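K.L.:
Structure file structure15.pdb (PDB, C-alpha atoms) is given on the next line.
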ATOM      1  CA  MET N  14      18.245   4.348 -40.343
ATOM      2  CA  LYS N  15      15.322   3.597 -42.614
ATOM      3  CA  LEU N  16      13.468   6.408 -44.312
ATOM      4  CA  PRO N  17      10.035   7.381 -42.842
ATOM      5  CA  LEU N  18       8.209   6.203 -45.978
ATOM      6  CA  VAL N  19       9.917   2.833 -45.801
ATOM      7  CA  LEU N  20       8.979   2.467 -42.122
ATOM      8  CA  PHE N  21       5.398   3.461 -42.920
ATOM      9  CA  ILE N  22       5.071   0.850 -45.658
ATOM     10  CA  GLN N  23       6.783  -1.808 -43.567
ATOM     11  CA  SER N  24       4.413  -1.152 -40.653
ATOM     12  CA  LEU N  25       1.381  -1.402 -42.932
ATOM     13  CA  ALA N  26       2.688  -4.701 -44.311
ATOM     14  CA  GLU N  27       3.097  -6.063 -40.776
ATOM     15  CA  VAL N  28      -0.446  -5.027 -39.895
ATOM     16  CA  TRP N  29      -1.787  -6.834 -42.955
ATOM     17  CA  GLU N  30       0.227  -9.964 -42.192
ATOM     18  CA  THR N  31      -1.087 -10.006 -38.622
ATOM     19  CA  PHE N  32      -4.663  -9.537 -39.825
ATOM     20  CA  ARG N  33      -4.272 -12.301 -42.398
ATOM     21  CA  VAL N  34      -3.308 -14.724 -39.653
ATOM     22  CA  ILE N  35      -5.816 -13.804 -36.954
ATOM     23  CA  TRP N  36      -8.940 -12.724 -38.878
ATOM     24  CA  PRO N  37     -10.916 -15.883 -37.929
ATOM     25  CA  TYR N  38     -10.345 -15.073 -34.258
ATOM     26  CA  LEU N  39     -11.396 -11.485 -34.805
ATOM     27  CA  LEU N  40     -14.583 -12.626 -36.514
ATOM     28  CA  LEU N  41     -15.399 -15.062 -33.701
ATOM     29  CA  SER N  42     -14.697 -12.325 -31.190
ATOM     30  CA  VAL N  43     -17.208 -10.091 -32.966
ATOM     31  CA  PHE N  44     -19.876 -12.843 -32.845
ATOM     32  CA  ILE N  45     -19.385 -13.403 -29.115
ATOM     33  CA  SER N  46     -19.081  -9.746 -28.209
ATOM     34  CA  SER N  47     -22.225  -8.811 -30.140
ATOM     35  CA  GLY N  48     -24.272 -11.504 -28.435
ATOM     36  CA  MET N  49     -23.071 -10.720 -24.936
ATOM     37  CA  ARG N  50     -23.421  -6.975 -25.313
ATOM     38  CA  ARG N  51     -26.990  -7.410 -26.495
ATOM     39  CA  TYR N  52     -28.193 -10.104 -24.110
ATOM     40  CA  VAL N  53     -26.065  -9.667 -20.960
ATOM     41  CA  SER N  54     -26.713  -6.523 -18.946
ATOM     42  CA  ALA N  55     -25.624  -5.068 -15.631
ATOM     43  CA  GLU N  56     -28.969  -5.977 -14.055
ATOM     44  CA  ARG N  57     -28.543  -9.687 -14.821
ATOM     45  CA  VAL N  58     -25.008  -9.658 -13.439
ATOM     46  CA  ASN N  59     -26.300  -8.043 -10.242
ATOM     47  CA  ARG N  60     -28.876 -10.809  -9.851
ATOM     48  CA  TRP N  61     -26.253 -13.515 -10.240
ATOM     49  CA  ILE N  62     -23.996 -11.915  -7.647
ATOM     50  CA  ARG N  63     -26.775 -11.475  -5.087
ATOM     51  CA  LYS N  64     -28.023 -15.021  -5.688
ATOM     52  CA  TYR N  65     -24.644 -16.588  -4.947
ATOM     53  CA  ARG N  66     -23.427 -14.163  -2.293
ATOM     54  CA  SER N  67     -22.662 -17.039   0.148
ATOM     55  CA  ALA N  68     -19.660 -17.916  -2.043
ATOM     56  CA  SER N  69     -19.286 -14.308  -3.007
ATOM     57  CA  ILE N  70     -15.587 -13.792  -3.747
ATOM     58  CA  VAL N  71     -15.088 -16.796  -6.027
ATOM     59  CA  VAL N  72     -18.482 -16.446  -7.688
ATOM     60  CA  THR N  73     -18.118 -12.695  -8.175
ATOM     61  CA  THR N  74     -14.721 -13.201  -9.783
ATOM     62  CA  SER N  75     -16.087 -15.922 -12.073
ATOM     63  CA  ILE N  76     -18.921 -13.660 -13.169
ATOM     64  CA  ALA N  77     -16.568 -10.709 -13.653
ATOM     65  CA  VAL N  78     -14.199 -12.537 -16.020
ATOM     66  CA  SER N  79     -17.024 -14.103 -18.026
ATOM     67  CA  THR N  80     -19.054 -10.962 -18.759
ATOM     68  CA  PRO N  81     -18.249  -8.002 -21.050
ATOM     69  CA  LEU N  82     -18.328  -5.300 -18.372
ATOM     70  CA  CYS N  83     -15.474  -2.787 -18.487
ATOM     71  CA  SER N  84     -14.067  -0.616 -15.706
ATOM     72  CA  CYS N  85     -16.582   2.125 -16.544
ATOM     73  CA  GLY N  86     -20.238   2.049 -17.564
ATOM     74  CA  GLY N  87     -21.603  -1.424 -16.822
ATOM     75  CA  GLY N  88     -18.797  -2.326 -14.429
ATOM     76  CA  ILE N  89     -19.331   0.805 -12.356
ATOM     77  CA  ALA N  90     -23.094   0.235 -12.341
ATOM     78  CA  VAL N  91     -22.675  -3.316 -11.028
ATOM     79  CA  ALA N  92     -20.175  -2.172  -8.392
ATOM     80  CA  LEU N  93     -22.578   0.544  -7.236
ATOM     81  CA  SER N  94     -25.404  -1.972  -6.947
ATOM     82  CA  MET N  95     -23.170  -4.304  -4.940
ATOM     83  CA  MET N  96     -22.387  -1.436  -2.589
ATOM     84  CA  ALA N  97     -26.057  -0.499  -2.345
ATOM     85  CA  ALA N  98     -26.874  -4.110  -1.459
ATOM     86  CA  SER N  99     -24.332  -3.890   1.391
ATOM     87  CA  LEU N 100     -22.139  -6.684   0.086
ATOM     88  CA  PRO N 101     -18.805  -6.977   1.938
ATOM     89  CA  TRP N 102     -15.669  -5.418   0.532
ATOM     90  CA  GLY N 103     -14.211  -8.817  -0.414
ATOM     91  CA  PRO N 104     -16.497  -9.586  -3.367
ATOM     92  CA  LEU N 105     -16.644  -5.918  -4.342
ATOM     93  CA  VAL N 106     -12.855  -5.632  -4.610
ATOM     94  CA  ALA N 107     -12.712  -8.989  -6.414
ATOM     95  CA  PHE N 108     -15.146  -7.612  -8.987
ATOM     96  CA  LEU N 109     -13.328  -4.278  -9.331
ATOM     97  CA  ILE N 110     -10.040  -6.091  -9.982
ATOM     98  CA  SER N 111     -11.117  -8.846 -12.364
ATOM     99  CA  SER N 112     -13.971  -7.275 -14.326
ATOM    100  CA  PRO N 113     -11.882  -4.918 -16.523
ATOM    101  CA  LEU N 114      -9.234  -7.524 -17.310
ATOM    102  CA  THR N 115     -10.955  -9.869 -19.707
ATOM    103  CA  SER N 116     -14.178 -11.176 -21.271
ATOM    104  CA  PRO N 117     -15.029 -14.111 -23.553
ATOM    105  CA  ASP N 118     -14.656 -12.139 -26.776
ATOM    106  CA  GLU N 119     -11.284 -10.783 -25.707
ATOM    107  CA  VAL N 120     -10.097 -14.320 -24.951
ATOM    108  CA  PHE N 121     -10.482 -15.224 -28.623
ATOM    109  CA  TYR N 122      -8.938 -11.907 -29.667
ATOM    110  CA  SER N 123      -5.837 -12.521 -27.562
ATOM    111  CA  ALA N 124      -5.707 -16.169 -28.646
ATOM    112  CA  GLY N 125      -5.509 -15.033 -32.246
ATOM    113  CA  LEU N 126      -2.667 -12.632 -31.465
ATOM    114  CA  PHE N 127      -0.632 -14.586 -28.928
ATOM    115  CA  GLY N 128      -1.916 -18.166 -29.025
ATOM    116  CA  TRP N 129      -4.128 -20.139 -26.658
ATOM    117  CA  PRO N 130      -1.502 -20.694 -23.928
ATOM    118  CA  PHE N 131      -1.154 -16.929 -23.487
ATOM    119  CA  ALA N 132      -4.909 -16.292 -23.643
ATOM    120  CA  LEU N 133      -5.803 -18.974 -21.100
ATOM    121  CA  THR N 134      -2.940 -18.038 -18.775
ATOM    122  CA  TYR N 135      -4.168 -14.446 -18.905
ATOM    123  CA  VAL N 136      -7.676 -15.548 -17.860
ATOM    124  CA  VAL N 137      -6.225 -17.574 -14.979
ATOM    125  CA  ALA N 138      -4.152 -14.553 -13.963
ATOM    126  CA  ALA N 139      -7.216 -12.280 -14.050
ATOM    127  CA  ALA N 140      -9.243 -14.701 -11.919
ATOM    128  CA  SER N 141      -6.340 -15.235  -9.500
ATOM    129  CA  ALA N 142      -5.890 -11.487  -9.074
ATOM    130  CA  GLY N 143      -9.587 -11.042  -8.329
ATOM    131  CA  ILE N 144      -9.678 -13.864  -5.779
ATOM    132  CA  ALA N 145      -6.432 -12.772  -4.098
ATOM    133  CA  GLY N 146      -7.574  -9.156  -3.882
ATOM    134  CA  GLY N 147     -10.984 -10.228  -2.617
ATOM    135  CA  PHE N 148      -9.613 -12.312   0.241
ATOM    136  CA  LEU N 149      -7.095  -9.603   1.112
ATOM    137  CA  ALA N 150      -9.925  -7.060   1.221
ATOM    138  CA  HIS N 151     -11.886  -9.447   3.468
ATOM    139  CA  LEU N 152      -8.977  -9.548   5.939
ATOM    140  CA  LEU N 153      -8.411  -5.794   5.828
ATOM    141  CA  GLU N 154     -12.101  -5.073   6.285
ATOM    142  CA  GLY N 155     -11.987  -6.977   9.563
ATOM    143  CA  LYS N 156      -9.236  -4.621  10.713
ATOM    144  CA  GLY N 157     -11.255  -1.518   9.840
ATOM    145  CA  TRP N 158      -9.143  -0.611   6.813
ATOM    146  CA  PHE N 159     -12.141   0.265   4.619
ATOM    147  CA  VAL N 160     -14.074   2.471   7.013
ATOM    148  CA  ASN N 161     -15.518   5.444   5.089
ATOM    149  CA  GLN N 162     -13.944   4.259   1.807
ATOM    150  CA  ALA N 163     -17.239   4.267  -0.121
ATOM    151  CA  ARG N 164     -18.160   7.630  -1.615
ATOM    152  CA  TYR N 165     -21.751   7.343  -0.415
ATOM    153  CA  ASN N 166     -23.455   5.758   2.556
ATOM    154  CA  ARG N 167     -24.287   2.114   1.955
ATOM    155  CA  LYS N 168     -28.024   1.442   2.086
ATOM    156  CA  PRO N 169     -30.290  -1.492   1.297
ATOM    157  CA  VAL N 170     -30.929  -1.906  -2.390
ATOM    158  CA  SER N 171     -34.682  -1.380  -1.954
ATOM    159  CA  LYS N 172     -34.004   2.168  -0.730
ATOM    160  CA  CYS N 173     -31.452   2.969  -3.344
ATOM    161  CA  CYS N 174     -33.546   4.623  -5.980
ATOM    162  CA  SER N 175     -35.615   7.153  -4.153
ATOM    163  CA  PRO N 176     -35.826  10.439  -6.047
ATOM    164  CA  ASP N 177     -33.263  12.180  -3.821
ATOM    165  CA  GLU N 178     -30.762   9.289  -3.776
ATOM    166  CA  SER N 179     -30.710   7.935  -7.304
ATOM    167  CA  LYS N 180     -27.836  10.097  -8.447
ATOM    168  CA  SER N 181     -25.598   9.346  -5.458
ATOM    169  CA  CYS N 182     -25.999   5.573  -5.495
ATOM    170  CA  GLY N 183     -25.658   5.082  -9.228
ATOM    171  CA  CYS N 184     -29.134   3.748  -9.934
ATOM    172  CA  GLU N 185     -29.538   6.048 -12.901
ATOM    173  CA  GLU N 186     -26.551   4.350 -14.543
ATOM    174  CA  ALA N 187     -27.875   0.894 -13.735
ATOM    175  CA  LYS N 188     -31.338   1.763 -15.041
ATOM    176  CA  ALA N 189     -29.945   3.171 -18.258
ATOM    177  CA  LEU N 190     -28.045  -0.037 -18.878
ATOM    178  CA  SER N 191     -30.952  -2.303 -17.906
ATOM    179  CA  LYS N 192     -33.311  -0.609 -20.366
ATOM    180  CA  ARG N 193     -31.843  -2.852 -23.030
ATOM    181  CA  SER N 194     -34.110  -5.829 -23.515
ATOM    182  CA  TRP N 195     -32.814  -9.253 -22.586
ATOM    183  CA  TYR N 196     -33.908 -10.680 -25.877
ATOM    184  CA  HIS N 197     -34.080  -8.905 -29.214
ATOM    185  CA  SER N 198     -35.536 -11.006 -31.961
ATOM    186  CA  GLY N 199     -34.657 -10.576 -35.579
ATOM    187  CA  VAL N 200     -31.557 -11.125 -37.610
ATOM    188  CA  ALA N 201     -31.450  -7.461 -38.607
ATOM    189  CA  GLU N 202     -30.928  -6.217 -35.046
ATOM    190  CA  TYR N 203     -28.186  -8.727 -34.320
ATOM    191  CA  SER N 204     -26.543  -7.968 -37.644
ATOM    192  CA  LYS N 205     -26.571  -4.273 -36.820
ATOM    193  CA  GLU N 206     -24.886  -5.024 -33.505
ATOM    194  CA  MET N 207     -22.287  -7.140 -35.271
ATOM    195  CA  TRP N 208     -21.628  -4.368 -37.757
ATOM    196  CA  LEU N 209     -21.103  -1.797 -34.998
ATOM    197  CA  VAL N 210     -18.879  -4.075 -32.920
ATOM    198  CA  GLY N 211     -16.959  -5.380 -35.929
ATOM    199  CA  ARG N 212     -16.329  -1.933 -37.378
ATOM    200  CA  ARG N 213     -15.062  -0.628 -34.059
ATOM    201  CA  LEU N 214     -12.884  -3.672 -33.430
ATOM    202  CA  LEU N 215     -11.386  -3.664 -36.928
ATOM    203  CA  LEU N 216     -10.650   0.061 -36.788
ATOM    204  CA  THR N 217      -9.108  -0.246 -33.337
ATOM    205  CA  PHE N 218      -7.032  -3.237 -34.410
ATOM    206  CA  ALA N 219      -5.745  -1.502 -37.532
ATOM    207  CA  ILE N 220      -4.787   1.758 -35.790
ATOM    208  CA  ALA N 221      -3.315   0.154 -32.670
ATOM    209  CA  SER N 222      -1.374  -2.468 -34.644
ATOM    210  CA  PHE N 223       0.010   0.150 -36.999
ATOM    211  CA  LEU N 224       1.118   2.395 -34.142
ATOM    212  CA  GLY N 225       2.634  -0.559 -32.325
ATOM    213  CA  TYR N 226       4.591  -1.741 -35.341
ATOM    214  CA  LEU N 227       5.593   1.810 -36.248
ATOM    215  CA  MET N 228       6.950   2.453 -32.748
ATOM    216  CA  GLY N 229       8.694  -0.900 -32.851
ATOM    217  CA  ASN N 230      10.306   0.005 -36.168
ATOM    218  CA  LEU N 231      11.295   3.492 -35.010
ATOM    219  CA  ILE N 232      12.782   2.300 -31.719
ATOM    220  CA  PRO N 233      15.962   0.286 -32.255
ATOM    221  CA  ALA N 234      15.330  -3.410 -31.651
ATOM    222  CA  THR N 235      18.258  -3.491 -29.251
ATOM    223  CA  TRP N 236      16.478  -1.000 -26.979
ATOM    224  CA  ILE N 237      13.332  -3.132 -26.786
ATOM    225  CA  GLY N 238      15.486  -6.193 -26.164
ATOM    226  CA  VAL N 239      17.439  -4.450 -23.398
ATOM    227  CA  LEU N 240      14.317  -3.183 -21.645
ATOM    228  CA  PHE N 241      11.873  -6.038 -22.189
ATOM    229  CA  GLY N 242      13.837  -8.881 -23.730
ATOM    230  CA  SER N 243      14.621 -12.361 -22.471
ATOM    231  CA  GLY N 244      16.985 -12.632 -19.529
ATOM    232  CA  LYS N 245      16.360  -9.085 -18.270
ATOM    233  CA  GLY N 246      15.220  -9.336 -14.659
ATOM    234  CA  TRP N 247      13.673  -5.872 -14.642
ATOM    235  CA  SER N 248      11.569  -6.366 -17.787
ATOM    236  CA  ILE N 249       8.456  -7.717 -16.026
ATOM    237  CA  PRO N 250       8.247  -5.098 -13.214
ATOM    238  CA  LEU N 251       9.038  -2.320 -15.709
ATOM    239  CA  ALA N 252       6.309  -3.477 -18.086
ATOM    240  CA  ALA N 253       3.871  -3.649 -15.171
ATOM    241  CA  ILE N 254       4.718  -0.089 -14.134
ATOM    242  CA  LEU N 255       4.380   1.225 -17.690
ATOM    243  CA  GLY N 256       0.934  -0.349 -17.942
ATOM    244  CA  ILE N 257      -0.482   2.304 -15.623
ATOM    245  CA  PRO N 258       0.226   5.466 -17.680
ATOM    246  CA  PHE N 259       0.451   4.001 -21.199
ATOM    247  CA  TYR N 260      -2.387   1.477 -21.321
ATOM    248  CA  LEU N 261      -5.331   2.594 -23.494
ATOM    249  CA  ASN N 262      -7.964  -0.159 -23.562
ATOM    250  CA  ILE N 263      -7.872  -3.899 -24.115
ATOM    251  CA  SER N 264      -8.789  -3.738 -27.815
ATOM    252  CA  SER N 265      -6.032  -1.221 -28.521
ATOM    253  CA  SER N 266      -3.384  -2.552 -26.161
ATOM    254  CA  LEU N 267      -3.522  -6.191 -27.305
ATOM    255  CA  PRO N 268      -2.211  -5.439 -30.827
ATOM    256  CA  ILE N 269       0.325  -2.957 -29.444
ATOM    257  CA  ALA N 270       1.653  -5.620 -27.063
ATOM    258  CA  HIS N 271       1.780  -8.093 -29.954
ATOM    259  CA  ALA N 272       3.807  -5.634 -32.020
ATOM    260  CA  PHE N 273       6.332  -5.208 -29.237
ATOM    261  CA  ILE N 274       6.676  -8.965 -28.808
ATOM    262  CA  THR N 275       7.410  -9.107 -32.533
ATOM    263  CA  HIS N 276      10.221  -6.597 -31.991
ATOM    264  CA  GLY N 277      11.894  -8.333 -29.046
ATOM    265  CA  ALA N 278       9.789  -8.088 -25.867
ATOM    266  CA  THR N 279       8.999 -11.287 -23.975
ATOM    267  CA  PRO N 280       5.414 -12.570 -23.728
ATOM    268  CA  GLY N 281       5.683 -12.328 -19.943
ATOM    269  CA  ALA N 282       6.409  -8.610 -20.155
ATOM    270  CA  ALA N 283       3.406  -8.164 -22.452
ATOM    271  CA  MET N 284       1.201 -10.071 -20.015
ATOM    272  CA  ALA N 285       2.348  -7.930 -17.096
ATOM    273  CA  PHE N 286       1.690  -4.751 -19.090
ATOM    274  CA  LEU N 287      -1.825  -5.876 -20.022
ATOM    275  CA  LEU N 288      -2.802  -7.137 -16.564
ATOM    276  CA  VAL N 289      -1.805  -3.983 -14.717
ATOM    277  CA  GLY N 290      -2.938  -1.567 -17.397
ATOM    278  CA  ALA N 291      -6.438  -2.993 -17.784
ATOM    279  CA  GLY N 292      -7.325  -2.423 -14.149
ATOM    280  CA  THR N 293      -5.190   0.584 -13.202
ATOM    281  CA  SER N 294      -4.938   2.741 -16.312
ATOM    282  CA  LEU N 295      -5.701   6.430 -15.852
ATOM    283  CA  GLY N 296      -9.241   5.901 -17.135
ATOM    284  CA  ALA N 297      -9.854   2.903 -14.863
ATOM    285  CA  VAL N 298      -8.552   4.736 -11.785
ATOM    286  CA  ALA N 299     -10.700   7.761 -12.608
ATOM    287  CA  GLY N 300     -13.726   5.476 -12.818
ATOM    288  CA  LEU N 301     -12.896   3.801  -9.503
ATOM    289  CA  LEU N 302     -12.477   7.130  -7.732
ATOM    290  CA  THR N 303     -16.052   8.062  -8.571
ATOM    291  CA  ILE N 304     -17.330   5.347  -6.210
ATOM    292  CA  VAL N 305     -14.488   4.494  -3.786
ATOM    293  CA  ARG N 306     -11.569   6.220  -2.108
ATOM    294  CA  TRP N 307      -7.801   5.849  -2.306
ATOM    295  CA  ARG N 308      -7.368   2.862   0.004
ATOM    296  CA  VAL N 309      -9.500   0.708  -2.260
ATOM    297  CA  VAL N 310      -7.718   1.993  -5.365
ATOM    298  CA  ALA N 311      -4.359   1.317  -3.694
ATOM    299  CA  LEU N 312      -5.364  -2.276  -2.896
ATOM    300  CA  VAL N 313      -6.541  -2.850  -6.477
ATOM    301  CA  THR N 314      -3.315  -1.382  -7.895
ATOM    302  CA  VAL N 315      -0.922  -3.255  -5.608
ATOM    303  CA  THR N 316      -2.756  -6.568  -6.067
ATOM    304  CA  LEU N 317      -2.694  -6.280  -9.841
ATOM    305  CA  TRP N 318       0.952  -5.200  -9.912
ATOM    306  CA  ILE N 319       2.079  -8.131  -7.747
ATOM    307  CA  MET N 320      -0.019 -10.704  -9.616
ATOM    308  CA  ALA N 321       1.134  -9.318 -12.964
ATOM    309  CA  ILE N 322       4.772  -9.763 -11.956
ATOM    310  CA  ILE N 323       4.143 -13.286 -10.670
ATOM    311  CA  PHE N 324       2.348 -14.426 -13.806
ATOM    312  CA  GLY N 325       4.725 -12.560 -16.102
ATOM    313  CA  TYR N 326       7.735 -14.371 -14.681
ATOM    314  CA  ALA N 327       5.830 -17.658 -14.493
ATOM    315  CA  TYR N 328       4.786 -17.490 -18.131
ATOM    316  CA  ASN N 329       8.332 -16.780 -19.296
ATOM    317  CA  LEU N 330       9.587 -19.698 -17.194
ATOM    318  CA  LEU N 331       6.976 -22.009 -18.718
ATOM    319  CA  ILE N 332       8.081 -20.932 -22.188
ATOM    320  CA  ALA N 333      11.737 -21.502 -21.254
ATOM    321  CA  ALA N 334      10.816 -24.949 -19.957
ATOM    322  CA  LYS N 335       9.041 -25.612 -23.274
ATOM    323  CA  VAL N 336       5.725 -26.293 -21.541
ATOM    324  CA  PHE N 337       4.081 -24.086 -24.181
TER
END
Take the structure from the file and write it as structure tokens.

P.N.:
Amino acid sequence: MKLPLVLFIQSLAEVWETFRVIWPYLLLSVFISSGMRRYVSAERVNRWIRKYRSASIVVTTSIAVSTPLCSCGGGIAVALSMMAASLPWGPLVAFLISSPLTSPDEVFYSAGLFGWPFALTYVVAAASAGIAGGFLAHLLEGKGWFVNQARYNRKPVSKCCSPDESKSCGCEEAKALSKRSWYHSGVAEYSKEMWLVGRRLLLTFAIASFLGYLMGNLIPATWIGVLFGSGKGWSIPLAAILGIPFYLNISSSLPIAHAFITHGATPGAAMAFLLVGAGTSLGAVAGLLTIVRWRVVALVTVTLWIMAIIFGYAYNLLIAAKVF
């Protein structure tokens, strides 16, 4: 067994090598993330969803995967506004499933770590999960499955923000997010945003990558291969299950998943871990339970787990068939 100091140095070297390869993608991710965080707000997303509500499930999913709204904060604010506007459960569940999974800046981040086939397949998986969950919610709503599953009484959006209702319907959160101006002129302001986003992303990447490589070096490679390696039928479902308690956030979990692939896990197992974890981690579930009840959370969890397994196996099969 290698000495702790040797493992420490080796892990640092692996972090540096990874950064050396993917830094252009990280930089592009910072550019995109800074722009979207400054110019795309929860209020604009709400307008888009209400405008295209006739094709609500597909459109809501498309908006969710193309905007930088996480499972808390902006994502919760949008979901609350959708509930206040009395949108059906189908588009709401589609948004709750797909919104935390990905965003344009994270697509470039994952492309730098895993390659474009993985990144684009992940986006397709996120959109497919949202659409599947949305249509399933539409069917279940017709059977009365979601009666009393909202944690407040749905009311028209025009009545949402009366003084005695603003806290219960989430308008305070939406207002706080919409206070950001749609357009901020000046290079200095955008540069400041880039500095904040870039510093956070670089720090997260360095810490998460180091921990991932360190764990990979501490755990015998044969163990990772046995649990998550090629040819192990249980690797995808196991990775999907572990995504629930061990997933942190997308910026941290992407480099950790990359480190485990380096040490013997299959890309399909990493995809399953990321898909389930992003939408059903402990933090995401806690956020969901502030606005909906357990039946909705159960539907989100089961949908993501099933879709993660399907796409995890499918991606490994495509690799085996040398499609990628």

K.L.:
Would you mind telling me which residue in N:Pro268, N:Gly128, N:Gly244, N:Gly292 lies nearest to Ala219 of chain N when using all atoms listed in the file?

P.N.:
N:Pro268

K.L.:
Decode the PyMOL selection byres ((chain N and resi 319-333) around 9) for the given file into explicit residues and return them as a PDB file with C-alpha atoms, in the frame of the given file.

P.N.:
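The resulting file, result-v9.pdb, is reproduced below:
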ATOM      1  CA  PHE N 131      -1.154 -16.929 -23.487  1.00  0.00           C
ATOM      2  CA  THR N 134      -2.940 -18.038 -18.775  1.00  0.00           C
ATOM      3  CA  TYR N 135      -4.168 -14.446 -18.905  1.00  0.00           C
ATOM      4  CA  ALA N 138      -4.152 -14.553 -13.963  1.00  0.00           C
ATOM      5  CA  ALA N 139      -7.216 -12.280 -14.050  1.00  0.00           C
ATOM      6  CA  SER N 141      -6.340 -15.235  -9.500  1.00  0.00           C
ATOM      7  CA  ALA N 142      -5.890 -11.487  -9.074  1.00  0.00           C
ATOM      8  CA  ALA N 145      -6.432 -12.772  -4.098  1.00  0.00           C
ATOM      9  CA  SER N 243      14.621 -12.361 -22.471  1.00  0.00           C
ATOM     10  CA  ILE N 249       8.456  -7.717 -16.026  1.00  0.00           C
ATOM     11  CA  PRO N 250       8.247  -5.098 -13.214  1.00  0.00           C
ATOM     12  CA  ALA N 252       6.309  -3.477 -18.086  1.00  0.00           C
ATOM     13  CA  ALA N 253       3.871  -3.649 -15.171  1.00  0.00           C
ATOM     14  CA  THR N 279       8.999 -11.287 -23.975  1.00  0.00           C
ATOM     15  CA  PRO N 280       5.414 -12.570 -23.728  1.00  0.00           C
ATOM     16  CA  GLY N 281       5.683 -12.328 -19.943  1.00  0.00           C
ATOM     17  CA  ALA N 282       6.409  -8.610 -20.155  1.00  0.00           C
ATOM     18  CA  ALA N 283       3.406  -8.164 -22.452  1.00  0.00           C
ATOM     19  CA  MET N 284       1.201 -10.071 -20.015  1.00  0.00           C
ATOM     20  CA  ALA N 285       2.348  -7.930 -17.096  1.00  0.00           C
ATOM     21  CA  PHE N 286       1.690  -4.751 -19.090  1.00  0.00           C
ATOM     22  CA  LEU N 287      -1.825  -5.876 -20.022  1.00  0.00           C
ATOM     23  CA  LEU N 288      -2.802  -7.137 -16.564  1.00  0.00           C
ATOM     24  CA  VAL N 289      -1.805  -3.983 -14.717  1.00  0.00           C
ATOM     25  CA  THR N 314      -3.315  -1.382  -7.895  1.00  0.00           C
ATOM     26  CA  VAL N 315      -0.922  -3.255  -5.608  1.00  0.00           C
ATOM     27  CA  THR N 316      -2.756  -6.568  -6.067  1.00  0.00           C
ATOM     28  CA  LEU N 317      -2.694  -6.280  -9.841  1.00  0.00           C
ATOM     29  CA  TRP N 318       0.952  -5.200  -9.912  1.00  0.00           C
ATOM     30  CA  ALA N 334      10.816 -24.949 -19.957  1.00  0.00           C
ATOM     31  CA  LYS N 335       9.041 -25.612 -23.274  1.00  0.00           C
ATOM     32  CA  VAL N 336       5.725 -26.293 -21.541  1.00  0.00           C
ATOM     33  CA  PHE N 337       4.081 -24.086 -24.181  1.00  0.00           C
TER      34      PHE N 337
END

K.L.:
Which residues are close to Leu215 of chain N, i.e. within 10 Å by all atoms listed in the file, leaving aside same-chain residues fewer than 6 positions away? Reply as an mmCIF file with C-alpha atoms, in the frame of the given file.

P.N.:
data_model
loop_
_atom_site.group_PDB
_atom_site.id
_atom_site.type_symbol
_atom_site.label_atom_id
_atom_site.label_comp_id
_atom_site.auth_asym_id
_atom_site.auth_seq_id
_atom_site.Cartn_x
_atom_site.Cartn_y
_atom_site.Cartn_z
ATOM 1 C CA PHE N 32 -4.663 -9.537 -39.825
ATOM 2 C CA TRP N 36 -8.940 -12.724 -38.878
ATOM 3 C CA LEU N 39 -11.396 -11.485 -34.805
ATOM 4 C CA LEU N 40 -14.583 -12.626 -36.514
ATOM 5 C CA VAL N 43 -17.208 -10.091 -32.966
ATOM 6 C CA ALA N 221 -3.315 0.154 -32.670
ATOM 7 C CA SER N 264 -8.789 -3.738 -27.815
#

K.L.:
Give me, please, the distance in Å between atom CA of Leu126 of chain N and atom CA of Val19 of chain N, quoted to one decimal.

P.N.:
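Interatomic distance here is 24.6 Å.
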
K.L.:
The PyMOL selection byres ((chain N and resi 75) around 10) - which residues does that actually catch in the file I just gave you? List them as a ChimeraX atom specification.

P.N.:
/N:62,69-74,76-80,107-108,111-112,139-140,143-144

K.L.:
Fewer than 3 positions away in the same chain doesn't count, so skip those; otherwise give me all residues within 8 Å of Leu261 of chain N, counting only C-alpha atoms, as an MDAnalysis selection string.

P.N.:
chainID N and resid 265:266 290 294

K.L.:
Just so the selection is clear, what residues does the PyMOL selection byres ((chain N and resi 158) around 12) cover here, as a list in words?

P.N.:
Trp102, Leu149, Ala150, His151, Leu152, Leu153, Glu154, Gly155, Lys156, Gly157, Phe159, Val160, Asn161, Gln162, Ala163, Arg306, Trp307, Arg308, Val309, Ala311 and Leu312 of chain N

K.L.:
Around all the atoms of segment 269-282 of chain N listed in the file, with 5 Å of room on each side, what axis-aligned box do you get, giving centre and edge lengths in Å to one decimal, as lines of an AutoDock Vina configuration file?

P.N.:
center_x = 6.1
center_y = -7.8
center_z = -26.2
size_x = 21.6
size_y = 19.6
size_z = 22.6

K.L.:
Out of N:Val239, N:Thr31, N:Ala26, N:Leu109, which residue has the shortest atom-to-atom distance to Ile304 of chain N when counting only C-alpha atoms?

P.N.:
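Looking at the shortest contact to Ile304 of chain N, the residue is N:Leu109.
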
K.L.:
With all atoms listed in the file as the basis for distance, which of N:Thr275, N:Thr303, N:Asn262, N:Ser42 is at the shortest distance from Thr217 of chain N?

P.N.:
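Answer, going by the shortest atom-to-atom distance: N:Asn262.
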